[in-house]
$ cat entry-v6.txt   # compact mmCIF, C-alpha atoms
# COMPACT_ATOMS: atom_id res chain seq x y z
CA MET N 9 130.97 -90.74 85.36
CA ALA N 10 133.51 -88.75 87.35
CA ILE N 11 134.95 -87.36 84.15
CA PHE N 12 131.47 -86.22 83.06
CA LEU N 13 130.78 -84.44 86.37
CA GLY N 14 134.14 -82.68 86.27
CA THR N 15 133.53 -81.45 82.74
CA THR N 16 130.05 -80.16 83.65
CA SER N 17 131.30 -78.18 86.67
CA THR N 18 134.10 -76.64 84.62
CA VAL N 19 131.67 -75.49 81.94
CA LEU N 20 129.34 -74.04 84.60
CA CYS N 21 132.10 -72.00 86.27
CA THR N 22 133.32 -70.75 82.92
CA THR N 23 129.80 -69.64 82.01
CA ILE N 24 129.38 -67.71 85.30
CA ILE N 25 132.72 -65.92 84.90
CA ILE N 26 131.96 -64.93 81.30
CA SER N 27 128.54 -63.64 82.34
CA MET N 28 130.08 -61.48 85.08
CA LEU N 29 132.63 -60.05 82.66
CA LEU N 30 129.90 -59.23 80.17
CA VAL N 31 127.65 -57.50 82.72
CA ILE N 32 130.22 -54.88 83.83
CA PRO N 33 130.97 -53.49 80.34
CA ILE N 34 127.28 -53.34 79.53
CA TYR N 35 126.51 -51.41 82.75
CA SER N 36 129.48 -49.06 82.34
CA PHE N 37 128.61 -48.48 78.74
CA ASN N 38 125.01 -47.63 79.63
CA GLU N 39 126.06 -45.18 82.37
CA SER N 40 128.66 -43.56 80.15
CA LEU N 41 126.13 -43.19 77.38
CA PHE N 42 123.61 -41.80 79.85
CA ILE N 43 126.04 -39.13 81.07
CA LYS N 44 126.98 -38.25 77.50
CA ASN N 45 123.34 -37.79 76.56
CA LEU N 46 122.65 -35.82 79.73
CA LEU N 47 125.46 -33.36 79.10
CA ALA N 48 124.73 -33.04 75.38
CA GLY N 49 124.19 -29.36 74.71
CA TYR N 50 125.05 -28.42 78.30
CA ASP N 51 127.30 -25.36 78.61
CA PRO N 52 129.17 -25.15 81.96
CA LEU N 53 129.70 -21.40 81.40
CA VAL N 54 125.98 -20.64 81.37
CA ARG N 55 124.18 -20.16 84.66
CA PRO N 56 121.35 -22.72 84.98
CA SER N 57 118.22 -20.61 85.30
CA GLN N 58 114.84 -20.36 83.70
CA ASN N 59 113.68 -16.99 82.41
CA GLY N 60 116.63 -15.23 84.04
CA GLU N 61 115.64 -16.14 87.57
CA ASP N 62 118.07 -15.89 90.47
CA THR N 63 120.19 -18.88 91.43
CA PHE N 64 120.15 -19.55 95.16
CA VAL N 65 123.32 -21.11 96.56
CA THR N 66 123.12 -22.46 100.12
CA LEU N 67 126.41 -22.50 102.01
CA TYR N 68 127.33 -24.99 104.75
CA ILE N 69 130.67 -24.86 106.53
CA SER N 70 132.63 -27.28 108.71
CA PRO N 71 135.63 -25.61 110.42
CA LEU N 72 138.65 -27.88 110.68
CA ILE N 73 141.29 -25.92 112.61
CA ILE N 74 142.51 -22.41 113.34
CA VAL N 75 145.99 -22.69 111.89
CA ASP N 76 147.44 -19.38 113.03
CA LEU N 77 146.73 -15.75 113.86
CA ASP N 78 149.70 -13.58 112.96
CA GLU N 79 149.34 -10.54 115.22
CA ARG N 80 152.13 -8.52 113.62
CA GLU N 81 150.89 -9.08 110.06
CA GLN N 82 147.23 -9.24 111.25
CA LEU N 83 146.42 -12.33 109.21
CA LEU N 84 144.10 -15.20 110.15
CA LYS N 85 144.80 -18.63 108.68
CA THR N 86 142.00 -21.19 108.93
CA ALA N 87 141.11 -24.52 107.33
CA ILE N 88 137.42 -24.85 106.42
CA PHE N 89 135.48 -27.60 104.67
CA SER N 90 132.63 -25.85 102.85
CA THR N 91 129.67 -27.29 100.96
CA MET N 92 127.55 -25.46 98.40
CA LEU N 93 124.11 -26.58 97.24
CA TRP N 94 122.12 -25.13 94.34
CA GLN N 95 119.38 -26.17 91.96
CA ASP N 96 120.26 -27.00 88.36
CA ASN N 97 117.17 -27.60 86.25
CA LEU N 98 119.30 -28.48 83.22
CA LEU N 99 120.62 -31.62 84.92
CA THR N 100 117.40 -33.62 85.15
CA TRP N 101 116.28 -36.94 83.75
CA GLU N 102 113.40 -39.36 83.93
CA THR N 103 113.92 -42.06 86.51
CA VAL N 104 111.51 -44.32 84.63
CA ASN N 105 114.06 -45.09 81.97
CA SER N 106 116.99 -45.18 84.39
CA THR N 107 117.63 -46.51 87.86
CA LEU N 108 120.16 -43.75 88.55
CA THR N 109 119.13 -41.07 91.06
CA SER N 110 122.53 -39.41 91.48
CA LEU N 111 125.77 -38.91 89.61
CA ILE N 112 129.32 -37.91 90.50
CA LEU N 113 130.83 -35.56 87.94
CA PRO N 114 134.00 -33.47 87.81
CA GLU N 115 133.33 -29.85 88.68
CA ASN N 116 134.49 -28.62 85.26
CA TYR N 117 131.75 -30.64 83.53
CA ILE N 118 128.94 -28.51 84.96
CA TRP N 119 128.28 -24.93 86.02
CA THR N 120 129.58 -24.03 89.48
CA PRO N 121 129.25 -20.69 91.28
CA ASP N 122 132.32 -18.48 91.18
CA ILE N 123 132.89 -17.38 94.78
CA MET N 124 135.41 -14.70 95.71
CA ILE N 125 137.07 -14.10 99.09
CA VAL N 126 136.93 -10.34 99.51
CA ASN N 127 139.41 -9.95 102.38
CA SER N 128 141.85 -12.59 101.17
CA ALA N 129 145.55 -11.92 101.70
CA ASN N 130 146.64 -14.25 98.88
CA THR N 131 146.97 -13.41 95.23
CA ASP N 132 144.33 -16.03 94.37
CA ILE N 133 141.17 -14.62 95.89
CA LYS N 134 138.75 -17.16 94.41
CA LEU N 135 137.40 -20.19 96.20
CA ASP N 136 139.44 -23.10 94.87
CA THR N 137 137.10 -25.76 93.48
CA ALA N 138 139.60 -27.42 91.14
CA LYS N 139 139.74 -31.22 91.17
CA SER N 140 136.54 -31.37 93.20
CA LYS N 141 133.69 -33.77 92.54
CA ALA N 142 130.12 -32.58 92.21
CA PHE N 143 127.23 -34.75 93.37
CA VAL N 144 124.29 -34.38 91.00
CA HIS N 145 120.99 -35.53 92.51
CA ASN N 146 117.72 -35.93 90.66
CA TYR N 147 115.52 -36.68 93.66
CA PRO N 148 113.42 -35.05 95.04
CA TYR N 149 114.45 -32.18 92.75
CA PRO N 150 117.49 -31.65 90.49
CA HIS N 151 120.24 -30.14 92.62
CA VAL N 152 124.03 -30.17 92.82
CA ILE N 153 126.23 -30.51 95.92
CA LEU N 154 129.85 -29.36 95.70
CA SER N 155 132.26 -29.74 98.63
CA VAL N 156 135.67 -28.07 98.79
CA ASN N 157 138.42 -28.00 101.38
CA ASN N 158 140.32 -24.70 101.48
CA ILE N 159 142.82 -22.88 103.67
CA TYR N 160 141.72 -19.28 104.06
CA VAL N 161 144.33 -16.57 104.68
CA THR N 162 142.35 -13.43 105.43
CA THR N 163 143.00 -10.08 107.03
CA CYS N 164 141.92 -9.55 110.63
CA SER N 165 142.11 -6.36 112.67
CA VAL N 166 143.80 -7.46 115.91
CA GLN N 167 142.98 -5.52 119.08
CA VAL N 168 145.60 -6.10 121.79
CA LEU N 169 144.22 -3.79 124.47
CA LYS N 170 143.63 -6.68 126.92
CA PHE N 171 146.62 -8.83 125.97
CA PRO N 172 147.11 -11.64 127.03
CA PHE N 173 143.43 -12.00 128.03
CA ASP N 174 142.21 -10.69 124.69
CA THR N 175 139.40 -11.94 122.45
CA GLN N 176 139.59 -11.42 118.69
CA ILE N 177 136.76 -11.24 116.16
CA CYS N 178 137.78 -12.10 112.60
CA LYS N 179 135.56 -12.31 109.55
CA ILE N 180 135.74 -14.06 106.18
CA LEU N 181 133.71 -12.26 103.53
CA LEU N 182 132.49 -14.25 100.50
CA PHE N 183 130.51 -12.97 97.55
CA PRO N 184 129.71 -14.17 94.02
CA ASN N 185 131.92 -13.09 91.18
CA GLY N 186 131.32 -12.77 87.49
CA GLY N 187 129.05 -10.91 85.13
CA ASN N 188 125.86 -12.12 86.79
CA ALA N 189 126.95 -11.69 90.40
CA SER N 190 123.66 -10.03 91.31
CA LYS N 191 121.76 -13.10 90.06
CA ILE N 192 123.57 -15.45 92.46
CA ILE N 193 122.10 -15.26 95.95
CA LEU N 194 124.12 -16.78 98.77
CA ARG N 195 122.09 -18.25 101.60
CA THR N 196 123.09 -19.73 104.94
CA ASP N 197 121.35 -21.89 107.50
CA SER N 198 121.91 -20.68 111.05
CA ASN N 199 120.68 -23.97 112.55
CA THR N 200 122.39 -26.63 110.44
CA GLY N 201 124.86 -24.50 108.51
CA ILE N 202 127.81 -25.21 110.83
CA ASN N 203 129.27 -28.60 111.72
CA PHE N 204 131.87 -28.86 114.51
CA ALA N 205 132.33 -32.63 114.29
CA VAL N 206 135.95 -32.49 113.10
CA PHE N 207 137.04 -29.15 114.54
CA GLN N 208 140.27 -28.91 116.57
CA ASN N 209 141.44 -25.92 118.61
CA SER N 210 144.90 -24.54 118.00
CA SER N 211 147.66 -24.48 120.59
CA GLU N 212 147.20 -20.76 121.31
CA TRP N 213 143.58 -19.94 120.48
CA ASP N 214 140.22 -21.32 121.61
CA LEU N 215 137.12 -20.95 119.45
CA VAL N 216 134.47 -19.14 121.47
CA ASP N 217 131.84 -18.68 118.77
CA LEU N 218 131.40 -19.23 115.05
CA SER N 219 128.55 -17.83 113.03
CA VAL N 220 127.67 -17.57 109.36
CA HIS N 221 125.04 -15.32 107.85
CA SER N 222 124.19 -13.76 104.51
CA GLU N 223 123.22 -10.22 103.66
CA MET N 224 122.62 -7.97 100.69
CA ARG N 225 125.12 -5.18 100.13
CA LEU N 226 124.60 -2.14 97.97
CA GLU N 227 127.81 -1.65 96.04
CA THR N 228 128.82 -1.30 92.43
CA ILE N 229 130.51 -4.37 90.96
CA GLY N 230 130.75 -3.98 87.22
CA GLN N 231 127.22 -3.25 86.04
CA ASP N 232 125.56 -4.61 89.18
CA SER N 233 124.45 -2.30 91.96
CA TYR N 234 124.13 -4.91 94.71
CA TYR N 235 125.33 -8.36 95.56
CA SER N 236 124.71 -11.10 98.08
CA ALA N 237 127.47 -11.76 100.60
CA ALA N 238 128.12 -14.57 103.07
CA ILE N 239 130.02 -13.63 106.21
CA ILE N 240 131.79 -16.19 108.40
CA THR N 241 132.61 -14.72 111.82
CA PHE N 242 135.20 -16.30 114.12
CA THR N 243 135.33 -15.29 117.79
CA ILE N 244 138.52 -16.66 119.32
CA LYS N 245 140.14 -16.22 122.72
CA ARG N 246 143.82 -16.44 123.51
CA ARG N 247 145.12 -19.09 125.88
CA ALA N 248 146.70 -16.80 128.44
CA LEU N 249 148.42 -19.33 130.70
CA THR N 250 151.68 -19.36 128.73
CA HIS N 251 151.92 -15.58 128.62
CA VAL N 252 151.06 -15.24 132.31
CA VAL N 253 153.77 -17.70 133.35
CA ASN N 254 156.43 -16.47 130.92
CA SER N 255 155.78 -12.73 130.97
CA LEU N 256 153.46 -11.43 133.67
CA LEU N 257 154.65 -13.34 136.75
CA PRO N 258 158.39 -12.66 136.20
CA VAL N 259 157.71 -8.95 135.83
CA VAL N 260 155.66 -8.86 139.06
CA CYS N 261 158.42 -10.72 140.91
CA LEU N 262 161.04 -8.30 139.60
CA SER N 263 158.89 -5.39 140.72
CA LEU N 264 158.68 -6.74 144.28
CA LEU N 265 162.39 -7.53 144.30
CA ASN N 266 163.22 -4.02 143.17
CA SER N 267 161.29 -2.53 146.09
CA PHE N 268 163.40 -4.40 148.67
CA VAL N 269 166.62 -2.73 147.52
CA PHE N 270 166.32 -0.22 150.39
CA ILE N 271 166.78 -3.01 152.96
CA LEU N 272 170.30 -3.71 151.73
CA PRO N 273 173.09 -2.24 153.91
CA ALA N 274 174.17 1.18 152.78
CA ASP N 275 177.84 0.42 153.47
CA GLY N 276 177.84 -2.66 151.21
CA GLY N 277 177.74 -0.71 147.96
CA GLU N 278 175.22 -3.08 146.31
CA ARG N 279 172.16 -0.85 146.24
CA THR N 280 172.99 1.06 143.10
CA GLY N 281 174.12 -2.05 141.21
CA VAL N 282 170.93 -3.98 142.03
CA SER N 283 168.62 -1.10 141.11
CA ILE N 284 170.37 -0.50 137.77
CA SER N 285 170.35 -4.25 136.96
CA LEU N 286 166.60 -4.48 137.57
CA LEU N 287 166.03 -1.40 135.43
CA LEU N 288 167.85 -3.12 132.56
CA SER N 289 165.75 -6.26 133.13
CA TYR N 290 162.58 -4.25 132.57
CA ALA N 291 163.99 -2.86 129.34
CA ILE N 292 164.74 -6.39 128.10
CA TYR N 293 161.24 -7.60 128.93
CA MET N 294 159.77 -4.60 127.14
CA THR N 295 161.66 -5.60 123.99
CA TYR N 296 160.47 -9.21 124.31
CA ILE N 297 156.82 -8.19 124.66
CA ASN N 298 156.98 -5.76 121.73
CA GLN N 299 158.12 -8.59 119.46
CA SER N 300 154.88 -10.50 120.07
CA LEU N 301 152.55 -7.52 119.67
CA PRO N 302 151.44 -6.07 116.32
CA SER N 303 153.48 -3.06 115.36
CA ASN N 304 150.58 -1.31 113.60
CA SER N 305 147.98 -1.67 116.32
CA ASN N 306 145.72 1.32 116.90
CA THR N 307 145.62 0.70 120.64
CA LEU N 308 148.29 0.11 123.27
CA SER N 309 147.83 -2.89 125.52
CA TYR N 310 147.39 -2.55 129.27
CA PHE N 311 150.35 -4.86 129.70
CA SER N 312 152.63 -2.51 127.75
CA ILE N 313 151.40 0.43 129.83
CA TYR N 314 152.12 -1.62 132.96
CA LEU N 315 155.67 -2.27 131.77
CA VAL N 316 156.21 1.42 131.08
CA CYS N 317 155.00 2.23 134.61
CA LEU N 318 157.40 -0.37 136.01
CA ILE N 319 160.30 1.19 134.14
CA CYS N 320 159.37 4.59 135.56
CA LYS N 321 159.10 3.07 139.05
CA SER N 322 162.48 1.40 138.68
CA SER N 323 163.99 4.71 137.59
CA LEU N 324 162.53 6.41 140.67
CA ILE N 325 163.96 3.64 142.85
CA ALA N 326 167.40 4.18 141.33
CA MET N 327 167.13 7.91 142.05
CA ALA N 328 165.90 7.30 145.60
CA THR N 329 168.75 4.84 146.18
CA THR N 330 171.26 7.49 145.15
CA ILE N 331 169.70 10.04 147.51
CA SER N 332 169.68 7.49 150.35
CA LEU N 333 173.37 6.72 149.89
CA TRP N 334 174.12 10.44 149.87
CA LEU N 335 172.29 10.81 153.18
CA HIS N 336 174.11 7.85 154.72
CA ASP N 337 177.49 9.31 153.75
CA LYS N 338 176.87 12.52 155.70
CA LYS N 339 179.10 13.02 158.78
CA LYS N 340 177.50 11.97 162.03
CA GLY N 341 176.38 14.77 164.29
CA GLN N 342 176.49 17.40 161.54
CA ALA N 343 173.98 20.17 162.19
CA VAL N 344 171.72 21.39 159.38
CA VAL N 345 169.46 24.36 158.93
CA TRP N 346 166.52 22.48 157.43
CA SER N 347 165.69 18.91 156.45
CA PRO N 348 162.53 17.85 154.58
CA PHE N 349 162.75 14.33 156.06
CA THR N 350 162.06 15.39 159.69
CA ARG N 351 159.09 17.02 161.32
CA THR N 352 160.90 20.11 162.71
CA PRO N 353 163.91 22.10 161.47
CA SER N 354 167.27 21.70 163.15
CA GLN N 355 168.51 24.31 165.65
CA LYS N 356 171.16 26.84 164.56
CA ILE N 357 173.36 28.53 167.20
CA THR N 358 173.09 32.34 166.99
CA PRO N 359 175.77 34.91 168.20
CA GLU N 360 173.53 35.91 171.15
CA ASP N 361 173.36 32.28 172.28
CA GLN N 362 177.13 32.02 171.97
CA LEU N 363 177.63 35.18 174.09
CA LYS N 364 175.22 33.94 176.74
CA LYS N 365 177.03 30.63 176.82
CA THR N 366 180.37 32.42 177.31
CA LYS N 367 179.03 34.49 180.23
CA THR N 368 177.59 31.41 181.84
CA SER N 369 180.91 29.63 181.57
CA ALA N 370 182.74 32.59 183.18
CA MET N 371 180.32 32.67 186.09
CA LYS N 372 180.73 28.95 186.60
CA LEU N 373 184.50 29.35 186.63
CA GLN N 374 184.27 32.04 189.31
CA ASP N 375 182.00 29.89 191.43
CA MET N 376 184.36 26.96 191.17
CA ASN N 377 187.29 29.06 192.40
CA SER N 378 185.30 30.29 195.42
CA PHE N 379 183.87 27.01 196.58
CA GLY N 380 187.00 24.97 196.32
CA GLU N 381 188.28 21.92 194.66
CA ASP N 382 185.41 19.62 195.71
CA LYS N 383 182.84 21.90 194.20
CA PHE N 384 184.86 22.02 191.00
CA GLU N 385 184.76 18.25 190.69
CA GLN N 386 180.99 18.17 191.26
CA ASP N 387 180.42 20.86 188.63
CA SER N 388 182.68 19.04 186.18
CA GLN N 389 180.66 15.86 186.57
CA LEU N 390 177.46 17.82 186.14
CA ASN N 391 178.75 19.49 182.97
CA THR N 392 179.74 16.10 181.58
CA LYS N 393 176.23 14.76 182.14
CA VAL N 394 174.68 17.85 180.57
CA ASN N 395 176.93 17.55 177.52
CA CYS N 396 176.04 13.87 177.10
CA THR N 397 172.36 14.67 177.43
CA SER N 398 172.67 17.49 174.91
CA GLN N 399 174.49 15.22 172.46
CA GLY N 400 171.81 12.54 172.86
CA ALA N 401 169.11 15.12 172.19
CA ARG N 402 170.81 16.10 168.96
CA GLN N 403 171.14 12.49 167.82
CA PRO N 404 167.63 12.12 166.19
CA ASN N 405 168.37 15.04 163.87
CA GLU N 406 171.52 13.51 162.41
CA TRP N 407 171.68 12.53 158.74
CA SER N 408 172.08 8.81 159.36
CA VAL N 409 168.81 8.59 161.28
CA ARG N 410 167.01 10.54 158.61
CA ALA N 411 168.45 8.28 155.94
CA ILE N 412 167.06 5.22 157.75
CA LYS N 413 163.63 6.84 157.94
CA PHE N 414 163.85 7.68 154.26
CA ASP N 415 164.75 4.06 153.41
CA TRP N 416 161.78 2.66 155.31
CA PHE N 417 159.43 5.16 153.73
CA CYS N 418 160.63 4.28 150.21
CA CYS N 419 160.50 0.55 150.91
CA ILE N 420 156.89 0.62 152.14
CA PHE N 421 155.78 3.01 149.40
CA PHE N 422 157.29 1.07 146.49
CA ILE N 423 156.12 -2.32 147.86
CA SER N 424 152.58 -0.92 147.98
CA CYS N 425 152.94 0.27 144.39
CA SER N 426 154.29 -3.14 143.33
CA MET N 427 151.19 -4.85 144.73
CA LEU N 428 148.65 -2.27 143.57
CA MET N 429 149.83 -1.84 139.97
CA PRO N 430 149.49 -5.48 138.79
CA THR N 431 146.12 -5.77 140.57
CA VAL N 432 144.75 -2.79 138.66
CA CYS N 433 146.31 -4.01 135.40
CA ILE N 434 144.82 -7.52 135.65
CA ALA N 435 141.43 -6.07 136.61
CA LEU N 436 141.45 -3.94 133.46
CA MET N 437 142.48 -6.93 131.32
CA LEU N 438 139.65 -9.09 132.65
CA SER N 439 137.01 -6.36 132.47

$ encode --input "entry-v6.txt" --output "structure tokens"
Amino acid sequence: MAIFLGTTSTVLCTTIIISMLLVIPIYSFNESLFIKNLLAGYDPLVRPSQNGEDTFVTLYISPLIIVDLDEREQLLKTAIFSTMLWQDNLLTWETVNSTLTSLILPENYIWTPDIMIVNSANTDIKLDTAKSKAFVHNYPYPHVILSVNNIYVTTCSVQVLKFPFDTQICKILLFPNGGNASKIILRTDSNTGINFAVFQNSSEWDLVDLSVHSEMRLETIGQDSYYSAAIITFTIKRRALTHVVNSLLPVVCLSLLNSFVFILPADGGERTGVSISLLLSYAIYMTYINQSLPSNSNTLSYFSIYLVCLICKSSLIAMATTISLWLHDKKKGQAVVWSPFTRTPSQKITPEDQLKKTKTSAMKLQDMNSFGEDKFEQDSQLNTKVNCTSQGARQPNEWSVRAIKFDWFCCIFFISCSMLMPTVCIALMLS
């Protein structure tokens, strides 16, 4: 009895396995035959249309990442997953005789639209659809869905006027290619045509806006006088924190430091060395900034103009430092005819004043002889006090005092410039 049950179960399992193995070849054979019959007489080079009607291709895009924006070469590199949908009336079948409502076919088995990237920077300007799979649907109407993942390298006119707070607008221009380009109409859906589910911002740029629209352009392409174009517009903004910390703040600090050079002692001999060193620092920063800016830009950035102004200011500080040291080295008590750094001109002794002074001295000498030795001592003390008072009165007009006034004036003036210039520059960048 046990032997009989074991034999029965073995036969049953064997029958089930054989049935499963037979079902798969039959199903695969039927589907293969169905595809072969469907594509019989189908030419993938012929546009699927009835009576020469236009073929409408709807474009959907899913941006993946902004790879890079090369400012010097003015090239935008982006990764985009795009989907095209069009109606193909030649790929239709009766669902009564088949349970299939959709098929997956290689893209070279059927007709696919030839899309060209107009502003591509690569040698291959066509949309790469090789090795892609096309989804052929028969319900509710015969249509084909083709999805491709491409890296676009396109030209982009970079405007660096407000660097590093700049916003760039780059476009990717697509249009149909081939002999019947005017018969292929590209359409976009502004509501559902863009999917941001898998998008990632780059390390330097943030995506502010992304739009896609289609338009008709009147141009001559072969024998066609117009064509339909799809335009993908990227609006991206630079992440300015890195540039502010690495470029803007050090320059502002150097500008303030350069203005305090007039506080250094004139006898130390460090003023000229510090001013020249800071001037060279500005030149180095100018070279560093120029390496990150496009060399063929039509506009000059506010930041570059600010650096040029700082170099001019540093040059003026070096000149003012030299003049200040020259003033400090003047001999104390030296009389001058005129000085532009004081309110009134200095006094010059004329021959008449010298003659009057000589007569006065002679009269004083005669009086001292007549009044005696005590009177002479009193007059001597009085003359000493007068001479000291006269010397003290001349002290404000000496070169050293004027040099100190000149230093304070330059220090306050250049500190004010160092605070005003970056404020105006940042206001222009953010405007």

$ atom_distance --input "entry-v6.txt" --atom1 "atom CA of N:Ala435" --atom2 "atom CA of N:Leu265"
22.4 Å

$ residues_near_point --input "entry-v6.txt" --point "(137.3, -12.9, 94.4)" --cutoff "9 Å" --atoms "all atoms listed in the file" --output "VMD selection string"
chain N and resid 122 to 128 132 to 135 182 to 185

$ atom_distance --input "entry-v6.txt" --atom1 "atom CA of N:Leu262" --atom2 "atom CA of N:Thr280"
15.6 Å

$ closest_residue --input "entry-v6.txt" --among "N:Leu84, N:Met92, N:Leu436, N:Val65" --to "N:Ser165" --atoms "all atoms listed in the file"
N:Leu84

$ residues_around --input "entry-v6.txt" --residues "N:Asp217" --least-positions-apart "2" --cutoff "12 Å" --atoms "only C-alpha atoms" --output "list in words"
Pro71, Thr175, Gln176, Ile177, Cys178, Lys179, Ile202, Phe204, Trp213, Asp214, Leu215, Ser219, Val220, Ile240, Thr241, Phe242, Thr243, Ile244 and Lys245 of chain N

$ closest_residue --input "entry-v6.txt" --among "N:Leu333, N:Pro258, N:Gly277, N:His251" --to "N:Phe171" --atoms "all atoms listed in the file"
N:His251

$ atom_distance --input "entry-v6.txt" --atom1 "atom CA of N:Val409" --atom2 "atom CA of N:Ala274"
12.5 Å

$ build_atoms --input "entry-v6.txt" --residues "stretch 152-174 of chain N" --atoms "N, CA and C atoms" --output "PDB file, in the coordinates of the input"
ATOM      1  N   VAL N 152     122.608 -29.825  92.861  1.00  0.00           N
ATOM      2  CA  VAL N 152     124.030 -30.170  92.820  1.00  0.00           C
ATOM      3  C   VAL N 152     124.634 -29.824  94.186  1.00  0.00           C
ATOM      4  N   ILE N 153     125.502 -30.719  94.668  1.00  0.00           N
ATOM      5  CA  ILE N 153     126.230 -30.510  95.920  1.00  0.00           C
ATOM      6  C   ILE N 153     127.718 -30.548  95.605  1.00  0.00           C
ATOM      7  N   LEU N 154     128.412 -29.467  95.948  1.00  0.00           N
ATOM      8  CA  LEU N 154     129.850 -29.360  95.700  1.00  0.00           C
ATOM      9  C   LEU N 154     130.549 -29.056  97.022  1.00  0.00           C
ATOM     10  N   SER N 155     131.505 -29.899  97.386  1.00  0.00           N
ATOM     11  CA  SER N 155     132.260 -29.740  98.630  1.00  0.00           C
ATOM     12  C   SER N 155     133.715 -29.455  98.310  1.00  0.00           C
ATOM     13  N   VAL N 156     134.273 -28.460  99.000  1.00  0.00           N
ATOM     14  CA  VAL N 156     135.670 -28.070  98.790  1.00  0.00           C
ATOM     15  C   VAL N 156     136.331 -27.894 100.149  1.00  0.00           C
ATOM     16  N   ASN N 157     137.610 -28.166 100.166  1.00  0.00           N
ATOM     17  CA  ASN N 157     138.420 -28.000 101.380  1.00  0.00           C
ATOM     18  C   ASN N 157     139.492 -26.958 101.077  1.00  0.00           C
ATOM     19  N   ASN N 158     139.402 -25.810 101.754  1.00  0.00           N
ATOM     20  CA  ASN N 158     140.320 -24.700 101.480  1.00  0.00           C
ATOM     21  C   ASN N 158     140.962 -24.196 102.758  1.00  0.00           C
ATOM     22  N   ILE N 159     142.141 -23.600 102.589  1.00  0.00           N
ATOM     23  CA  ILE N 159     142.820 -22.880 103.670  1.00  0.00           C
ATOM     24  C   ILE N 159     142.685 -21.392 103.376  1.00  0.00           C
ATOM     25  N   TYR N 160     141.984 -20.703 104.237  1.00  0.00           N
ATOM     26  CA  TYR N 160     141.720 -19.280 104.060  1.00  0.00           C
ATOM     27  C   TYR N 160     142.797 -18.471 104.788  1.00  0.00           C
ATOM     28  N   VAL N 161     143.395 -17.532 104.079  1.00  0.00           N
ATOM     29  CA  VAL N 161     144.330 -16.570 104.680  1.00  0.00           C
ATOM     30  C   VAL N 161     143.705 -15.192 104.470  1.00  0.00           C
ATOM     31  N   THR N 162     143.110 -14.666 105.522  1.00  0.00           N
ATOM     32  CA  THR N 162     142.350 -13.430 105.430  1.00  0.00           C
ATOM     33  C   THR N 162     142.895 -12.405 106.422  1.00  0.00           C
ATOM     34  N   THR N 163     142.589 -11.160 106.138  1.00  0.00           N
ATOM     35  CA  THR N 163     143.000 -10.080 107.030  1.00  0.00           C
ATOM     36  C   THR N 163     142.095 -10.039 108.258  1.00  0.00           C
ATOM     37  N   CYS N 164     142.674  -9.628 109.375  1.00  0.00           N
ATOM     38  CA  CYS N 164     141.920  -9.550 110.630  1.00  0.00           C
ATOM     39  C   CYS N 164     142.508  -8.412 111.459  1.00  0.00           C
ATOM     40  N   SER N 165     141.667  -7.486 111.847  1.00  0.00           N
ATOM     41  CA  SER N 165     142.110  -6.360 112.670  1.00  0.00           C
ATOM     42  C   SER N 165     142.256  -6.840 114.118  1.00  0.00           C
ATOM     43  N   VAL N 166     143.497  -6.927 114.579  1.00  0.00           N
ATOM     44  CA  VAL N 166     143.800  -7.460 115.910  1.00  0.00           C
ATOM     45  C   VAL N 166     143.805  -6.323 116.923  1.00  0.00           C
ATOM     46  N   GLN N 167     143.033  -6.485 117.986  1.00  0.00           N
ATOM     47  CA  GLN N 167     142.980  -5.520 119.080  1.00  0.00           C
ATOM     48  C   GLN N 167     143.665  -6.133 120.299  1.00  0.00           C
ATOM     49  N   VAL N 168     144.766  -5.527 120.723  1.00  0.00           N
ATOM     50  CA  VAL N 168     145.600  -6.100 121.790  1.00  0.00           C
ATOM     51  C   VAL N 168     145.472  -5.312 123.085  1.00  0.00           C
ATOM     52  N   LEU N 169     144.370  -4.610 123.276  1.00  0.00           N
ATOM     53  CA  LEU N 169     144.220  -3.790 124.470  1.00  0.00           C
ATOM     54  C   LEU N 169     144.295  -4.630 125.742  1.00  0.00           C
ATOM     55  N   LYS N 170     143.692  -5.832 125.724  1.00  0.00           N
ATOM     56  CA  LYS N 170     143.630  -6.680 126.920  1.00  0.00           C
ATOM     57  C   LYS N 170     144.578  -7.869 126.837  1.00  0.00           C
ATOM     58  N   PHE N 171     145.623  -7.761 126.049  1.00  0.00           N
ATOM     59  CA  PHE N 171     146.620  -8.830 125.970  1.00  0.00           C
ATOM     60  C   PHE N 171     147.207  -9.108 127.356  1.00  0.00           C
ATOM     61  N   PRO N 172     147.350 -10.397 127.777  1.00  0.00           N
ATOM     62  CA  PRO N 172     147.110 -11.640 127.030  1.00  0.00           C
ATOM     63  C   PRO N 172     145.735 -12.254 127.260  1.00  0.00           C
ATOM     64  N   PHE N 173     144.789 -11.498 127.818  1.00  0.00           N
ATOM     65  CA  PHE N 173     143.430 -12.000 128.030  1.00  0.00           C
ATOM     66  C   PHE N 173     142.495 -11.428 126.968  1.00  0.00           C
ATOM     67  N   ASP N 174     142.973 -11.331 125.746  1.00  0.00           N
ATOM     68  CA  ASP N 174     142.210 -10.690 124.690  1.00  0.00           C
ATOM     69  C   ASP N 174     141.359 -11.694 123.922  1.00  0.00           C
TER      70      ASP N 174
END
